[in-house]
Amino acid sequence: MNKKTLLVTFFTALVLSTLAPAAWAFEAEFGWLPPNLNPEYGGEVDQLYYHIMILVGIIFFLTEGMLLLSIVLFRARPGRRASYSHGNTKAEILWSIVPAIILVWLALHQKSTWWKAKMQFPDAKTHPDLVEVQAFPEQFQWNFRYPGPDGQFATADDFVTVNELHVPVNRLVLIRMTGKDVIHSLFVPFARVKQDAVPGMLTKAWFKIDRIPCWDLKDQKLKLLTEEEFRKARVALSGFAFSGEPVDSKGNPVAKGQLWPGMKKYSYSPTKSKRFKVIDQGTMAEVAREDAGDLGLKLHVLEIACAELCGLGHYKMRAEMTVETAEMYEAWLRSKADEKAQYGPGKEERERFQAIWDKFHPDYNRK
Amino acid sequence: MSAEKHSEHHESGGEHLPAEATGFFRKYILTYDHKVIGKQYLFTAFFFLLVGGGLAMLIRWQMAYPNQPVPVIGELMKGRFVFTPDGSIAPEGFIQLTTMHGTLMIFFVIIPILVGAFGNFLIPLHVGARDVAFPFLNALSYWLYLPAALIIFASFFVPQGPAAAGWTSYSPLSNLSGATPGSGWGQTLWLMAIFLLGFSSILGGLNFLVTIVKLRAPGLTWGRLPLVTWSQTVTAVFQLLATPVLASATCLLLADKLIGSTFFLPAHVHLADTDMSPTGGGAVLLWQHIFWFYSHPAVYILVLPGMGIASDLISTFARKPIFGYRAMVWSMVGIMGLGFIVWGHHMFVSGMNPVMGMTFMTATMLIALPSGVKVFNWLGTLWGANIRFAPPMLHALSFVSMFIIGGLSGLFMAATPVDIHIHDTYYIVAHFHYVVFGGTLFAIFGGLIFWFPKMFGRMMNEFWSKVHWAITFVAFNCVFFPMHILGEGGHMRRIATPTEYEWLQPLQPINVFISHSAFVLGAAQLIFLANFFYSMFWGKKAEGNPWQSNTLEWTQPSPIPYYNYDKIPVVHHGPYEYSLEHANGRGDWLPQNEPVAGNGSSGHGSK
């Protein structure tokens with residue numbers, strides 16, 4: 001092998017050696033994209049992603065291949081002379097027109113999904129079971145307001161949750177939002193949802209979640225159950241505590257201060273106080289249990305993050321979305337109403353919501 | 001030297017030129033010589049390259065080892081700058097790091113090197129002139145850049161530290177002093193610096209444009225300009241049209257911050273429970289529109305001169321005329337035209353009307369077309385070539401291969417639905433680093449090694465140049481390719497600790513891998529700097545035309561004499577007449593000022 005061939009081998013090996021392991025490491029853990037739980041348009045987004053990936057992949061291998069081939073074939077050798085050519089008009093016209101057609105097609109190909117995701121919002125008239133929520137993020141928390149039993153916002157029976165969103169499985173959810181202080185961005189990676197919440201503007205995001213995230217306590221990893229599977233499973237609601245010890249790649253704990261902590265790993269184990277709440281399989285009602293026993297699953301959450309830089313606490317602006325059955329969701333709504341009856345209407349978050357949103361943006365409550 | 005005087009010399013063939021100043025101050029500091037001003041830009045930008053690179057290292061430390069004390073530096077800086085008392089990086093410090101890294105690299109490193117250093121040094125040489133059209137304006141534009149750079153540097157030392165609202169400085173985060181540490185003095189100084197820099201840019205662009213239009217040597221038609229100079233022409237137009245918009249935007253935001261106007265604040269923005277804008281009347285998205293109306297074209301200001309440099313290097317070392325010269329020029333013009341109507345693709349999920357999203361998507365997709373033409377033409381140039389793998393060529397080839405990746409990854413985020421998922425994630429970070437580092441910075445390295453003999457009269461060490469290139473190329477890909485995978489996984493930009501989120505947990509090993517590669521990449525740049533400064537003083541003496549290149553500057557001795565050309569050269573053909581069979585007794589090259597014997601004055605490209 002001469003020096004130049006060595007160089008080319010080096011080039012090729014390089015590209016493969018840097019790209020492949022990284023891609024593999026991620027793929028093995030996760031698949032190319034995080035799981036998608038939004039059947040309305042999330043799957044289409046993924047599909048478009050893969051379409052572009054295929055197209056881009058072909059162009060990538062063609063062009064980089066041509067480049068490598070030229071480097072090998074046309075390296076300088078004594079006595080050789082380059083061909084004297086100023087171009088080839090036919091070739092240039094060809095490689096202008098073909099990409100132009102592909103690109104315009106690619107742009108038009110995006111339209112229906114984009115329209116669906118950002119233009120065609122469901123409304124309560126066509127979807128009577130639409131779940132409507134208002135989001136009013138501030139530094140550094142997500143405030144969500146539910147309309148309460150009367151289904152109207154800005155009334156006395158509304159309630160507000162902080163960093164906690166509950167949605168029933170397989171039902172459309174519409175979130176109306178505006179910013180209180182700076183721009184925030186509602187990001188639900190598992191549902192392919194991202195929308196900025198901007199002060200002075202009303203923006204909307206909608207989605208449907210079709211699986212219920214549960215934590216497999218035996219394997220200590222996320223499991224996504226359909227509603228049917230969930231109804232057959234025995235799932236704990238509480239009684240398990242979270243720990244985020246750093247572990248190395250083999251799962252062994254790592255001492256603090258060691259240079260290569262690798263990663264933290266989430267795991268859940270039974271708490272000492274042993275108060276277990278479990279979902280009853282038939283009625284989906286909560287029942288108390290004395291021991292962890294045969295519980296293999298814990299009800300888990302989907303994470304919500306803020307995608308727009310919003311200040312020093314940007315990185316921890318994390319909210320949790322609980323996906324549950326209709327019965328569980330109704331029970332949760334009732335418990336919130338009860339809570340309110342117990343503590344009176346003066347709950348702090350709700351008052352702040354009303355003081356700003358309802359005082360200054362009353363028209364944002366119109367449907 | 002005024003413009004009239006200059007054209008007088010132009011005609012008189014250089015008999016009454018004033019003598020070169022001899023004092024150090026006049027020669028190197030307050031000078032009107034375009035070559036020295038170019039070097040002033042270069043060295044100032046080198047300093048900020050080190051600062052910006054250092055910030056990047058701190059960012060990578062935090063991403064791999066969140067909240068762990070930074071070795072050595074953290075120990076020294078405990079409780080100061082962005083560090084907590086235990087020497088780790090504070091969350092507010094982290095966003096200051098990302099903000100200042102972006103700001104310094106874009107505004108104070110890449111643009112000054114490409115336009116300030118290369119533009120200044122090469123344009124008069126390439127057009128066969130003794131200096132730019134307005135040497136005083138030229139000096140003034142550097143002396144506006146320097147205070148801007150000093151102001152941005154000073155912002156590191158003000159209470160609460162430098163700006164922290166991202167290099168995009170979105171209002172209201174940048175607008176309200178209480179919104180985040182750094183949005184007080186730091187942000188105000190940031191705006192002042194960018195405002196000054198805008199003026200510097202406008203003066204520079206104006207000057208270059210006039211120089212290229214008016215001072216071209218006899219016979220140097222538009223069709224015979226080297227592509228570097230063509231790229232500077234297009235860039236100058238960009239700067240003249242887009243930079244005033246940025247200047248007005250910074251002016252308005254300064255007014256919001258300092259005298260209580262509300263251009264970018266709607267009514268009733270609340271910080272905690274205080275109403276910060278009882279009257280309002282402004283719009284949050286207005287800043288984004290105005291900012292990106294400049295800053296998207298600025299992305300092309302960042303890459304077009306790089307494309308020009310790559311074109312020149314590839315043609316020279318491929319020993320072959322550039323493939324489709326006219327298409328290369330028109331594609332740059334096309335990129336400029338389209339570059340002005342794509343800014344909205346930064347705002348797909350911002351709340352901007354989704355119908356406009358469709359329009360901006362289509363325009364953005366179409367900009368892949370002229371970019372693609374350029375790539376295909378580079379490949380066409382290499383096909384059938386006789387490639388010499390000198391260090392500048394290695395960098396130019398890296399430019400092409402990395403620009404392909406950067407361009408292709410752009411298609412994902414141009415597609416509006418896909419952008420919903422990858423917007424504001426590391427996918428974006430990966431994409432623009434492939435363009436700005438993988439593209440532009442490789443072109444800069446290549447260009448510096450290539451024109452080093454013309455700048456300093458010596459050659460850069462070839463072996464160490466190759467070592468630097470190899471490490472940079474490998475480490476660059478190890479750093480930025482895995483970022484695509486982080487982005488697909490939904491890893492947000494600008495988060496101080498990636499381990500807060502459960503779905504990001506499995507990605508953390510990738511973050512660690514990236515950081516270690518980044519430290520290697522950072523260290524490798526020291527090889528380049530050492531090589532650069534060592535060769536400046538002790539490198540091998542360069543001959544007039546060490547690369548056997550055709551453009552006018554290579555007909556002069558190295559380094560270029562004070563007045564560039566004793567006698568203004570007469571140009572007979574285009575700059576890329578390599579491997580032409582001719583009777584001039586040269587192997588495979590033909591200087592632009594040399595008529596082909598027996599062929600009249602017209603080689604190819606004479607129109």
# chains A, B, ... in the order shown; residues from 1 in each chain; ligands from 1
call {"tool": "select_by_dssp", "arguments": {"residues": "stretch 33-200 of chain A", "states": "alpha helix (DSSP H)", "output": "PyMOL selection string"}}
result
chain A and resi 42-73+89-109+111-118
call {"tool": "residues_around", "arguments": {"residues": "stretch 309-315 of chain B", "least_positions_apart": "3", "cutoff": "6 Å", "atoms": "only C-alpha atoms", "output": "ChimeraX atom specification"}}
result
/B:228,306,318-322,396,443
call {"tool": "write_last_selection", "arguments": {"atoms": "all heavy atoms", "output": "PDB file, in the first residue's frame"}}
result
ATOM      1  N   VAL B 228     -12.735  33.533  -5.106  1.00  0.00           N
ATOM      2  CA  VAL B 228     -12.617  34.128  -3.771  1.00  0.00           C
ATOM      3  C   VAL B 228     -13.142  35.554  -3.811  1.00  0.00           C
ATOM      4  O   VAL B 228     -13.904  35.993  -2.955  1.00  0.00           O
ATOM      5  CB  VAL B 228     -11.147  34.199  -3.308  1.00  0.00           C
ATOM      6  CG1 VAL B 228     -11.063  34.796  -1.928  1.00  0.00           C
ATOM      7  CG2 VAL B 228     -10.528  32.833  -3.321  1.00  0.00           C
ATOM      8  N   GLY B 306     -15.821  31.176   2.510  1.00  0.00           N
ATOM      9  CA  GLY B 306     -15.222  29.856   2.661  1.00  0.00           C
ATOM     10  C   GLY B 306     -15.343  29.063   1.375  1.00  0.00           C
ATOM     11  O   GLY B 306     -14.400  28.388   0.939  1.00  0.00           O
ATOM     12  N   ALA B 318      -5.960  20.703  -7.729  1.00  0.00           N
ATOM     13  CA  ALA B 318      -6.419  19.675  -8.658  1.00  0.00           C
ATOM     14  C   ALA B 318      -5.747  19.876 -10.001  1.00  0.00           C
ATOM     15  O   ALA B 318      -5.859  19.033 -10.889  1.00  0.00           O
ATOM     16  CB  ALA B 318      -7.935  19.720  -8.809  1.00  0.00           C
ATOM     17  N   ARG B 319      -5.059  20.989 -10.193  1.00  0.00           N
ATOM     18  CA  ARG B 319      -4.404  21.350 -11.450  1.00  0.00           C
ATOM     19  C   ARG B 319      -5.395  21.314 -12.598  1.00  0.00           C
ATOM     20  O   ARG B 319      -5.104  20.801 -13.671  1.00  0.00           O
ATOM     21  CB  ARG B 319      -3.214  20.414 -11.760  1.00  0.00           C
ATOM     22  CG  ARG B 319      -2.298  20.130 -10.614  1.00  0.00           C
ATOM     23  CD  ARG B 319      -1.792  21.351  -9.937  1.00  0.00           C
ATOM     24  NE  ARG B 319      -0.950  22.201 -10.774  1.00  0.00           N
ATOM     25  CZ  ARG B 319      -0.643  23.455 -10.446  1.00  0.00           C
ATOM     26  NH1 ARG B 319      -1.124  24.002  -9.353  1.00  0.00           N
ATOM     27  NH2 ARG B 319       0.122  24.163 -11.245  1.00  0.00           N
ATOM     28  N   LYS B 320      -6.593  21.836 -12.369  1.00  0.00           N
ATOM     29  CA  LYS B 320      -7.650  21.710 -13.357  1.00  0.00           C
ATOM     30  C   LYS B 320      -8.539  22.946 -13.242  1.00  0.00           C
ATOM     31  O   LYS B 320      -8.761  23.442 -12.140  1.00  0.00           O
ATOM     32  CB  LYS B 320      -8.472  20.444 -13.042  1.00  0.00           C
ATOM     33  CG  LYS B 320      -9.453  20.027 -14.103  1.00  0.00           C
ATOM     34  CD  LYS B 320      -9.918  18.602 -13.872  1.00  0.00           C
ATOM     35  CE  LYS B 320     -11.065  18.260 -14.794  1.00  0.00           C
ATOM     36  NZ  LYS B 320     -12.346  18.770 -14.331  1.00  0.00           N
ATOM     37  N   PRO B 321      -9.010  23.478 -14.384  1.00  0.00           N
ATOM     38  CA  PRO B 321      -9.900  24.641 -14.298  1.00  0.00           C
ATOM     39  C   PRO B 321     -11.129  24.293 -13.474  1.00  0.00           C
ATOM     40  O   PRO B 321     -11.558  23.146 -13.451  1.00  0.00           O
ATOM     41  CB  PRO B 321     -10.295  24.902 -15.755  1.00  0.00           C
ATOM     42  CG  PRO B 321      -9.291  24.188 -16.575  1.00  0.00           C
ATOM     43  CD  PRO B 321      -8.804  23.036 -15.769  1.00  0.00           C
ATOM     44  N   ILE B 322     -11.674  25.317 -12.806  1.00  0.00           N
ATOM     45  CA  ILE B 322     -12.875  25.077 -12.015  1.00  0.00           C
ATOM     46  C   ILE B 322     -14.001  24.651 -12.954  1.00  0.00           C
ATOM     47  O   ILE B 322     -14.117  25.149 -14.068  1.00  0.00           O
ATOM     48  CB  ILE B 322     -13.257  26.333 -11.193  1.00  0.00           C
ATOM     49  CG1 ILE B 322     -14.116  25.969  -9.986  1.00  0.00           C
ATOM     50  CG2 ILE B 322     -13.993  27.368 -12.022  1.00  0.00           C
ATOM     51  CD1 ILE B 322     -13.314  25.567  -8.794  1.00  0.00           C
ATOM     52  N   ALA B 396      -9.231  21.922   2.060  1.00  0.00           N
ATOM     53  CA  ALA B 396     -10.282  22.236   1.086  1.00  0.00           C
ATOM     54  C   ALA B 396     -11.158  21.009   0.853  1.00  0.00           C
ATOM     55  O   ALA B 396     -12.387  21.125   0.752  1.00  0.00           O
ATOM     56  CB  ALA B 396      -9.658  22.708  -0.224  1.00  0.00           C
ATOM     57  N   ALA B 443     -11.935  25.872   5.645  1.00  0.00           N
ATOM     58  CA  ALA B 443     -11.531  26.771   4.562  1.00  0.00           C
ATOM     59  C   ALA B 443     -10.544  27.811   5.086  1.00  0.00           C
ATOM     60  O   ALA B 443      -9.577  28.167   4.409  1.00  0.00           O
ATOM     61  CB  ALA B 443     -12.753  27.449   3.960  1.00  0.00           C
TER      62      ALA B 443
END
call {"tool": "atom_distance", "arguments": {"atom1": "atom CA of A:Leu108", "atom2": "atom CA of B:Thr362"}}
result
7.9 Å
call {"tool": "residues_around", "arguments": {"residues": "B:Val299", "least_positions_apart": "4", "cutoff": "10 Å", "atoms": "only C-alpha atoms", "output": "list in words"}}
result
Ile106, Ile111, Trp292, Tyr294, Ser295, Val303, Leu304, Gly339, Phe432, Val435 and Val436 of chain B
call {"tool": "residues_around", "arguments": {"residues": "stretch 215-220 of chain B", "least_positions_apart": "3", "cutoff": "7 Å", "atoms": "only C-alpha atoms", "output": "list in words"}}
result
Val127, Gly128, Ala129, Thr211, Ile212, Arg224, Leu225, Ile568, Pro569, Val570, Val571 and His572 of chain B
call {"tool": "write_last_selection", "arguments": {"atoms": "N, CA and C atoms", "output": "short mmCIF file (atom, residue, chain, number, x, y, z; two decimals), in the first residue's frame"}}
result
data_model
loop_
_atom_site.label_atom_id
_atom_site.label_comp_id
_atom_site.auth_asym_id
_atom_site.auth_seq_id
_atom_site.Cartn_x
_atom_site.Cartn_y
_atom_site.Cartn_z
N VAL B 127 -7.60 41.82 -7.62
CA VAL B 127 -8.06 42.71 -8.68
C VAL B 127 -6.89 43.47 -9.29
N GLY B 128 -5.70 43.26 -8.78
CA GLY B 128 -4.52 43.92 -9.35
C GLY B 128 -4.44 45.38 -8.97
N ALA B 129 -4.83 45.72 -7.73
CA ALA B 129 -4.78 47.11 -7.30
C ALA B 129 -3.71 47.28 -6.23
N THR B 211 -14.02 48.71 -4.41
CA THR B 211 -12.71 48.25 -4.90
C THR B 211 -12.87 47.28 -6.06
N ILE B 212 -13.78 46.32 -5.89
CA ILE B 212 -13.92 45.30 -6.93
C ILE B 212 -14.55 45.89 -8.19
N ARG B 224 -13.31 36.98 -15.29
CA ARG B 224 -11.95 36.53 -15.01
C ARG B 224 -11.57 36.71 -13.55
N LEU B 225 -12.53 37.13 -12.72
CA LEU B 225 -12.24 37.31 -11.30
C LEU B 225 -12.10 35.95 -10.62
N ILE B 568 0.86 48.11 -12.69
CA ILE B 568 -0.43 47.43 -12.63
C ILE B 568 -0.46 46.36 -13.72
N PRO B 569 -0.77 45.12 -13.34
CA PRO B 569 -0.70 44.03 -14.32
C PRO B 569 -1.84 44.11 -15.34
N VAL B 570 -1.61 43.50 -16.48
CA VAL B 570 -2.65 43.39 -17.49
C VAL B 570 -3.08 41.93 -17.53
N VAL B 571 -4.39 41.71 -17.44
CA VAL B 571 -4.89 40.34 -17.32
C VAL B 571 -5.34 39.83 -18.68
N HIS B 572 -4.95 38.59 -18.99
CA HIS B 572 -5.24 38.06 -20.32
C HIS B 572 -6.27 36.95 -20.32
#
call {"tool": "atom_distance", "arguments": {"atom1": "atom CA of B:Ala430", "atom2": "atom CA of B:Phe481"}}
result
6.6 Å
call {"tool": "closest_residue", "arguments": {"among": "B:Pro91, B:Ala45, B:Gln288, B:Pro124", "to": "B:Trp167", "atoms": "only C-alpha atoms"}}
result
B:Gln288
call {"tool": "residues_around", "arguments": {"residues": "stretch 152-165 of chain A", "least_positions_apart": "5", "cutoff": "7 Å", "atoms": "only C-alpha atoms", "output": "PyMOL selection string"}}
result
chain A and resi 141-147+318-322+349-350+358+365
call {"tool": "closest_residue", "arguments": {"among": "A:Ile58, A:Ala292, A:Ala100, A:Ala337", "to": "chain B", "atoms": "only C-alpha atoms"}}
result
A:Ala100
call {"tool": "residues_around", "arguments": {"residues": "A:Trp114", "least_positions_apart": "4", "cutoff": "10 Å", "atoms": "only C-alpha atoms", "output": "VMD selection string"}}
result
(chain A and resid 41 44 to 45 109 to 110 118 to 120) or (chain B and resid 354 to 355 357 to 358 415 to 420)
call {"tool": "write_last_selection", "arguments": {"atoms": "N, CA, C and O atoms", "output": "CSV table (one decimal), in the first residue's frame"}}
result
chain,number,residue,atom,x,y,z
A,41,TYR,N,-50.3,12.8,14.6
A,41,TYR,CA,-49.4,13.2,13.6
A,41,TYR,C,-47.9,12.8,13.9
A,41,TYR,O,-47.0,13.0,13.1
A,44,GLU,N,-46.5,10.4,11.5
A,44,GLU,CA,-46.2,11.1,10.2
A,44,GLU,C,-44.9,11.8,10.3
A,44,GLU,O,-44.1,11.9,9.3
A,45,VAL,N,-44.7,12.5,11.4
A,45,VAL,CA,-43.4,13.3,11.5
A,45,VAL,C,-42.2,12.3,11.4
A,45,VAL,O,-41.3,12.6,10.7
A,109,HIS,N,-44.4,17.7,0.0
A,109,HIS,CA,-44.6,16.4,0.7
A,109,HIS,C,-44.9,16.7,2.2
A,109,HIS,O,-45.5,15.9,2.9
A,110,GLN,N,-44.4,17.8,2.8
A,110,GLN,CA,-44.5,18.1,4.2
A,110,GLN,C,-45.8,18.7,4.5
A,110,GLN,O,-46.2,18.7,5.7
A,118,LYS,N,-50.1,21.9,13.0
A,118,LYS,CA,-50.1,23.3,13.5
A,118,LYS,C,-51.3,24.2,13.0
A,118,LYS,O,-51.4,25.3,13.4
A,119,MET,N,-52.2,23.6,12.1
A,119,MET,CA,-53.3,24.4,11.6
A,119,MET,C,-54.6,23.8,12.0
A,119,MET,O,-55.6,24.6,12.3
A,120,GLN,N,-54.8,22.5,11.9
A,120,GLN,CA,-56.1,21.9,12.1
A,120,GLN,C,-56.3,21.5,13.5
A,120,GLN,O,-56.2,20.3,13.8
B,354,PRO,N,-48.4,29.5,10.7
B,354,PRO,CA,-47.8,28.3,10.1
B,354,PRO,C,-47.9,28.3,8.5
B,354,PRO,O,-47.1,27.6,7.9
B,355,VAL,N,-48.8,29.2,8.0
B,355,VAL,CA,-48.8,29.3,6.5
B,355,VAL,C,-47.5,29.9,6.0
B,355,VAL,O,-46.9,29.4,5.0
B,357,GLY,N,-44.8,29.4,7.5
B,357,GLY,CA,-43.8,28.3,7.7
B,357,GLY,C,-43.7,27.6,6.4
B,357,GLY,O,-42.6,27.2,6.0
B,358,MET,N,-44.8,27.3,5.7
B,358,MET,CA,-44.7,26.6,4.4
B,358,MET,C,-43.9,27.4,3.4
B,358,MET,O,-43.0,26.8,2.7
B,415,ALA,N,-37.6,20.9,6.8
B,415,ALA,CA,-38.9,20.3,6.7
B,415,ALA,C,-39.7,20.6,8.0
B,415,ALA,O,-39.4,20.1,9.1
B,416,THR,N,-40.7,21.5,7.9
B,416,THR,CA,-41.4,22.0,9.1
B,416,THR,C,-41.9,20.9,10.0
B,416,THR,O,-41.7,21.0,11.2
B,417,PRO,N,-42.5,19.8,9.6
B,417,PRO,CA,-43.0,18.8,10.6
B,417,PRO,C,-41.8,18.2,11.3
B,417,PRO,O,-41.9,17.9,12.5
B,418,VAL,N,-40.7,17.9,10.6
B,418,VAL,CA,-39.6,17.2,11.3
B,418,VAL,C,-39.0,18.2,12.3
B,418,VAL,O,-38.5,17.9,13.3
B,419,ASP,N,-39.0,19.5,11.9
B,419,ASP,CA,-38.4,20.5,12.7
B,419,ASP,C,-39.2,20.6,14.1
B,419,ASP,O,-38.6,21.0,15.1
B,420,ILE,N,-40.4,20.2,14.1
B,420,ILE,CA,-41.2,20.3,15.4
B,420,ILE,C,-40.4,19.5,16.4
B,420,ILE,O,-40.2,19.9,17.5
call {"tool": "residues_around", "arguments": {"residues": "B:Phe412", "least_positions_apart": "2", "cutoff": "12 Å", "atoms": "only C-alpha atoms", "output": "number ranges by chain"}}
result
A: 45-57, 103, 106-107, 110; B: 345, 361, 364-365, 368, 405-410, 414-423, 427-428, 430-431, 484, 487-488
call {"tool": "decode", "arguments": {"residues": "stretch 133-140 of chain A", "atoms": "all heavy atoms", "output": "compact mmCIF listing (two decimals), in the first residue's frame"}}
result
# COMPACT_ATOMS: atom_id res chain seq x y z
N VAL A 133 -56.85 22.30 28.08
CA VAL A 133 -56.01 22.74 29.19
C VAL A 133 -55.37 24.06 28.78
O VAL A 133 -55.13 24.30 27.59
CB VAL A 133 -54.90 21.70 29.49
CG1 VAL A 133 -54.11 22.09 30.72
CG2 VAL A 133 -55.46 20.31 29.64
N GLN A 134 -55.11 24.93 29.75
CA GLN A 134 -54.34 26.13 29.47
C GLN A 134 -52.96 26.00 30.11
O GLN A 134 -52.85 25.47 31.22
CB GLN A 134 -55.04 27.36 30.03
CG GLN A 134 -56.32 27.71 29.28
CD GLN A 134 -57.07 28.86 29.92
OE1 GLN A 134 -56.90 29.13 31.11
NE2 GLN A 134 -57.89 29.53 29.14
N ALA A 135 -51.94 26.44 29.42
CA ALA A 135 -50.59 26.40 29.99
C ALA A 135 -50.08 27.83 30.11
O ALA A 135 -50.23 28.63 29.18
CB ALA A 135 -49.65 25.59 29.11
N PHE A 136 -49.53 28.14 31.27
CA PHE A 136 -49.05 29.49 31.53
C PHE A 136 -47.68 29.37 32.19
O PHE A 136 -47.54 29.52 33.39
CB PHE A 136 -50.05 30.18 32.45
CG PHE A 136 -49.95 31.68 32.48
CD1 PHE A 136 -49.57 32.39 31.35
CD2 PHE A 136 -50.27 32.38 33.64
CE1 PHE A 136 -49.50 33.77 31.38
CE2 PHE A 136 -50.20 33.77 33.68
CZ PHE A 136 -49.81 34.46 32.54
N PRO A 137 -46.67 29.03 31.38
CA PRO A 137 -45.35 28.78 31.97
C PRO A 137 -44.73 30.08 32.48
O PRO A 137 -44.99 31.15 31.96
CB PRO A 137 -44.54 28.23 30.80
CG PRO A 137 -45.21 28.76 29.59
CD PRO A 137 -46.66 28.87 29.92
N GLU A 138 -43.94 29.93 33.52
CA GLU A 138 -43.18 31.08 34.03
C GLU A 138 -41.83 30.55 34.49
O GLU A 138 -41.61 29.34 34.55
CB GLU A 138 -43.93 31.75 35.17
CG GLU A 138 -44.17 30.86 36.38
CD GLU A 138 -44.96 31.55 37.47
OE1 GLU A 138 -44.64 32.70 37.76
OE2 GLU A 138 -45.88 30.94 38.02
N GLN A 139 -40.91 31.46 34.80
CA GLN A 139 -39.61 31.03 35.29
C GLN A 139 -39.77 30.41 36.67
O GLN A 139 -40.15 31.12 37.59
CB GLN A 139 -38.65 32.21 35.36
CG GLN A 139 -38.24 32.74 33.99
CD GLN A 139 -37.39 33.99 34.12
OE1 GLN A 139 -37.49 34.72 35.10
NE2 GLN A 139 -36.56 34.26 33.13
N PHE A 140 -39.51 29.18 36.97
CA PHE A 140 -39.19 28.13 36.04
C PHE A 140 -40.12 26.97 36.33
O PHE A 140 -39.73 25.97 36.90
CB PHE A 140 -37.72 27.70 36.19
CG PHE A 140 -36.79 28.84 35.88
CD1 PHE A 140 -36.29 29.64 36.88
CD2 PHE A 140 -36.49 29.16 34.55
CE1 PHE A 140 -35.47 30.72 36.58
CE2 PHE A 140 -35.67 30.23 34.26
CZ PHE A 140 -35.17 31.03 35.28
